[in-house]
Amino acid sequence: MRLLGISAFYHDSAAVLLEDGRIVAAAQEERFSRVKHDASFPRHAAAWCLSQASGPLDAVVYYEKPLLKFERILHTIAAVAPRGFGAFAAAVPDWVHHKLWLPAAIDEELSRLGQRGVPVRFSGHHEAHAASAFFASPFEHAAILTLDGVGEWTTTALARGHGRELEFLRELHFPHSLGLLYSAFTHYCGFRVNSGEYKLMGLAPYGAPRFAWLIREHLLDLRDDGSFALNLDCFGFLAGQTMTNPHFERLFGAPARKPDAALTQFHCDLARSIQDVTEDIVLRLARTLHTLTGEDNLCLAGGVALNCVANARLLREGPFRNIWVQPAAGDAGGALGAALAYHFAQDGAVRTTDGRDLMQGAFLGPSYSDEEIEAAIRESGLIAERLEPAALLDRVASRLASGAVVGFCQGRAEFGPRALGARSILADARPSEMQRRLNLKIKFRESFRPFAPIVLAERTRDWFEFDGASPYMLFTAPVAVSRCLPVKNFGEWSARLAEARSTIPAVTHVDFSARLQTVDAETNPALHALLSTFERRTGCPVLVNTSFNVRGEPPVCHPREAIAGFLATDMDVLAFGPFYLEKEAQPPALRRAQRSREFAPD
Amino acid sequence: MPLAPSARARLHATAACAGSWLLWWRFEHPALIVLAGVFTSFAVVAWISPRHHAPVQRMFDRVLHALLAVFSWIVLALVFALVFVPLRVLLPRARRRLLRPALREGSYFQKPPPPRADRFSRQF
């Protein structure tokens, strides 16, 4: 059975091609359209997925139930009227024009791609999340927890998976949502909702949880089993277009931060407080789920599952022995989950597990032939060398060891929000000024934001207090005590930014934690070989890994985008496929012309 | 099939010309003959040289867009006032349920209904 899963029209639209339960191709629309978090119909992603198909489609599966979602919107408008006209006027025309006619719209889009008359099916939003978490996991049976903003009505679902069956046990419904609660604080701290949540998470370790009691006391009624109800008097998302309202601002004694205003200790403390409350809720939910299912394995999905600090605490303190998090845990992964849910609901579908997950390291996106890469380089007018794999890795490792920042693009692009080594920027984690240089001169982003380390899987315990694997960068772990340095500065958060806290300061956050990616030879041979070469040269099997993009743009996909990013920033080297490009070797006129680019805020 | 820009310009200008003459014939106000004259000139330009008519066409489009936007807001406001505001008064329990979920045995959890076999065919 050949299925196309689709998520669209909210944020992070994506398409996934599934053949007999195997993921053949998966891509987010933003990688093609170059619009960050693109919500439009994923016509480029679908076209690329279909180009990888070995025959015609049997069905298209959309990741949520549009009429149920519309019902929720109308119900909310009726509940808050006569307030909420703005929300009504913003939502309803779009629904009347487009979203209510989804089967026809999908049919029309697919007809353009040569697939006429394919039946359109609909999965529930949280069913898609749960399926993406469980069916893609390495477990034969597991408890499943899905947490996000909202789908149709459900915001949180507790479920059990066994073989090819999903059983939903408990749910929390809109507007009582952990995702929306976290997003409210994201908005209040001046970051963009559905985009800036990871910034809030990164800011949290600089603060103290001095507002956690206020949140528990006034913003939600949290029960022992993890269920909760929000105090809707303090939120603006029911009746308006903003997440918070004046009651919320009065509660914390300050107006919402403007995006370009300075961050203060107050915002750090808020970030830490909501992070603590989030972790508390996730832990309670996990304990309830464990009691209901008795399982040792847990699968996580939904946008909140991208909170790697909460995931790590769940692993450390929670009742489950094994945790697997869907790497595309947000709405993009809904496209995968919808297709998987439909596939395994069919008679005759067989699910077997061999201890490995279905995600193939999340390297499910487009790749480009050597000829295509060469053509893009030639078109740009840049000078490149073509090297054998061993020579390329040796050259890159040597330049990394000398402090260079390298754009590293090999094989298929990643599916999901994390760069895992296929479209990455790599750097040496040891120099103390590397974090600042990467933030300000390569990524053009806020200086407080931490970078993630990649480490050889077999060396993980030498450098981090972490057992097991974290191939998708979805858990944090403390840097090994033996690698840590004594702290001298206990002052304001901004003063603590520059202080080196370990022998790998570029990836050590202010609380000595790191958002870890372990690299094994089987899933990611190129990156593993590079880390091994780097370790042979330096004795350190750790590098900085950050997504290959610049501020306001999605990660690069095509070689021409990588070349544009290489020229627009202070990156020293680009290695795309077998081609090696040194910035210093490029014509000065090209370098000057590209560096004058302006970057949109993210 | 959408009309070519020149054909669209000619159609709009001719319709505006015909409409203005119709108005003058019906009401015979002196201002209306001036309007009809202006629209006739636009129509002649549109038929002879659509390129020179383009700025007028753009102005027409903007006016039409603004009128449609105003019309949309009026319709939305009417639907909101006549449907949703009365619903809010008629359905207080639904509102309460949304804003404050039922607390059963100390928990806000709800038990989901069993899945339907035909659920993938349904949009709800």
# chains A, B, ... in the order shown; residues from 1 in each chain; ligands from 1
>>> interface_residues(of="chain B", to="chain A", cutoff="12 Å", atoms="only C-alpha atoms", output="JSON, numbers by chain")
{"B": [69, 72, 73, 74, 75, 76, 77, 78, 79, 80, 81, 82, 83, 84, 85, 86, 87, 88, 89, 90, 91, 92, 93, 94, 95, 96, 97, 98, 99, 100, 101, 102, 103, 104, 105, 106, 107, 108, 109, 110, 111, 112, 113, 114, 115, 116, 117, 118, 119, 120, 121, 122, 123, 124]}
>>> residues_around(residues="A:Val510", least_positions_apart="6", cutoff="9 Å", atoms="only C-alpha atoms", output="compact mmCIF listing (two decimals) with C-alpha atoms, in the first residue's frame")
# COMPACT_ATOMS: atom_id res chain seq x y z
CA PRO A 205 18.71 27.93 33.08
CA TYR A 206 19.70 31.60 33.56
CA PRO A 450 23.26 27.51 23.53
CA ARG A 496 27.42 34.69 33.26
CA LEU A 497 27.10 34.28 29.49
CA GLU A 499 32.14 32.28 31.39
CA ALA A 500 33.60 28.93 30.31
CA ARG A 501 32.02 26.13 32.35
>>> residues_around(residues="stretch 135-150 of chain A", least_positions_apart="5", cutoff="6 Å", atoms="only C-alpha atoms", output="PyMOL selection string")
chain A and resi 155-163+177+179-180+295+297-304+353+355-358
>>> closest_residue(among="A:Ala452, A:Val325, A:Ala46, A:Leu181", to="A:Leu474", atoms="only C-alpha atoms")
A:Val325
>>> residues_around(residues="stretch 589-591 of chain A", least_positions_apart="4", cutoff="9 Å", atoms="only C-alpha atoms", output="list in words")
Ser380, Gly381, Leu382, Leu567, Ala568, Lys583 and Arg595 of chain A
>>> write_last_selection(atoms="N, CA and C atoms", output="CSV table (one decimal), in the first residue's frame")
chain,number,residue,atom,x,y,z
A,380,SER,N,27.4,29.4,-9.3
A,380,SER,CA,27.6,30.5,-8.4
A,380,SER,C,29.0,31.1,-8.7
A,381,GLY,N,29.8,30.5,-9.5
A,381,GLY,CA,31.1,31.1,-9.8
A,381,GLY,C,32.2,30.8,-8.7
A,382,LEU,N,31.9,29.9,-7.8
A,382,LEU,CA,32.8,29.6,-6.7
A,382,LEU,C,33.9,28.6,-7.1
A,567,LEU,N,28.2,32.1,1.7
A,567,LEU,CA,28.7,33.4,1.4
A,567,LEU,C,28.2,34.5,2.3
A,568,ALA,N,27.0,34.3,2.8
A,568,ALA,CA,26.3,35.4,3.6
A,568,ALA,C,26.9,35.5,5.0
A,583,LYS,N,36.5,29.5,2.1
A,583,LYS,CA,36.1,30.9,1.9
A,583,LYS,C,37.2,31.8,1.4
A,595,ARG,N,27.7,39.3,1.4
A,595,ARG,CA,27.7,39.6,2.8
A,595,ARG,C,26.8,40.8,3.2
>>> residues_around(residues="B:Arg10", least_positions_apart="6", cutoff="7 Å", atoms="only C-alpha atoms", output="JSON list (two decimals) with C-alpha atoms, in the first residue's frame")
[["chain", "number", "residue", "atom", "x", "y", "z"],
["B", 43, "ALA", "CA", -13.84, 52.45, -22.34],
["B", 46, "ALA", "CA", -9.37, 50.39, -22.97],
["B", 47, "TRP", "CA", -10.46, 49.25, -26.45]]
>>> atom_distance(atom1="atom CA of B:Val45", atom2="atom CA of B:Trp25")
23.1 Å
>>> residues_around(residues="A:Ala427", least_positions_apart="6", cutoff="7 Å", atoms="only C-alpha atoms", output="ChimeraX atom specification")
/A:400,404-406,543-545
>>> residues_around(residues="A:Gly190", least_positions_apart="4", cutoff="10 Å", atoms="only C-alpha atoms", output="number ranges by chain")
A: 185-186, 196, 200, 256-263, 267
>>> closest_residue(among="A:Pro541, A:Pro486, A:Pro417, A:Pro56", to="A:Gln115", atoms="only C-alpha atoms")
A:Pro56
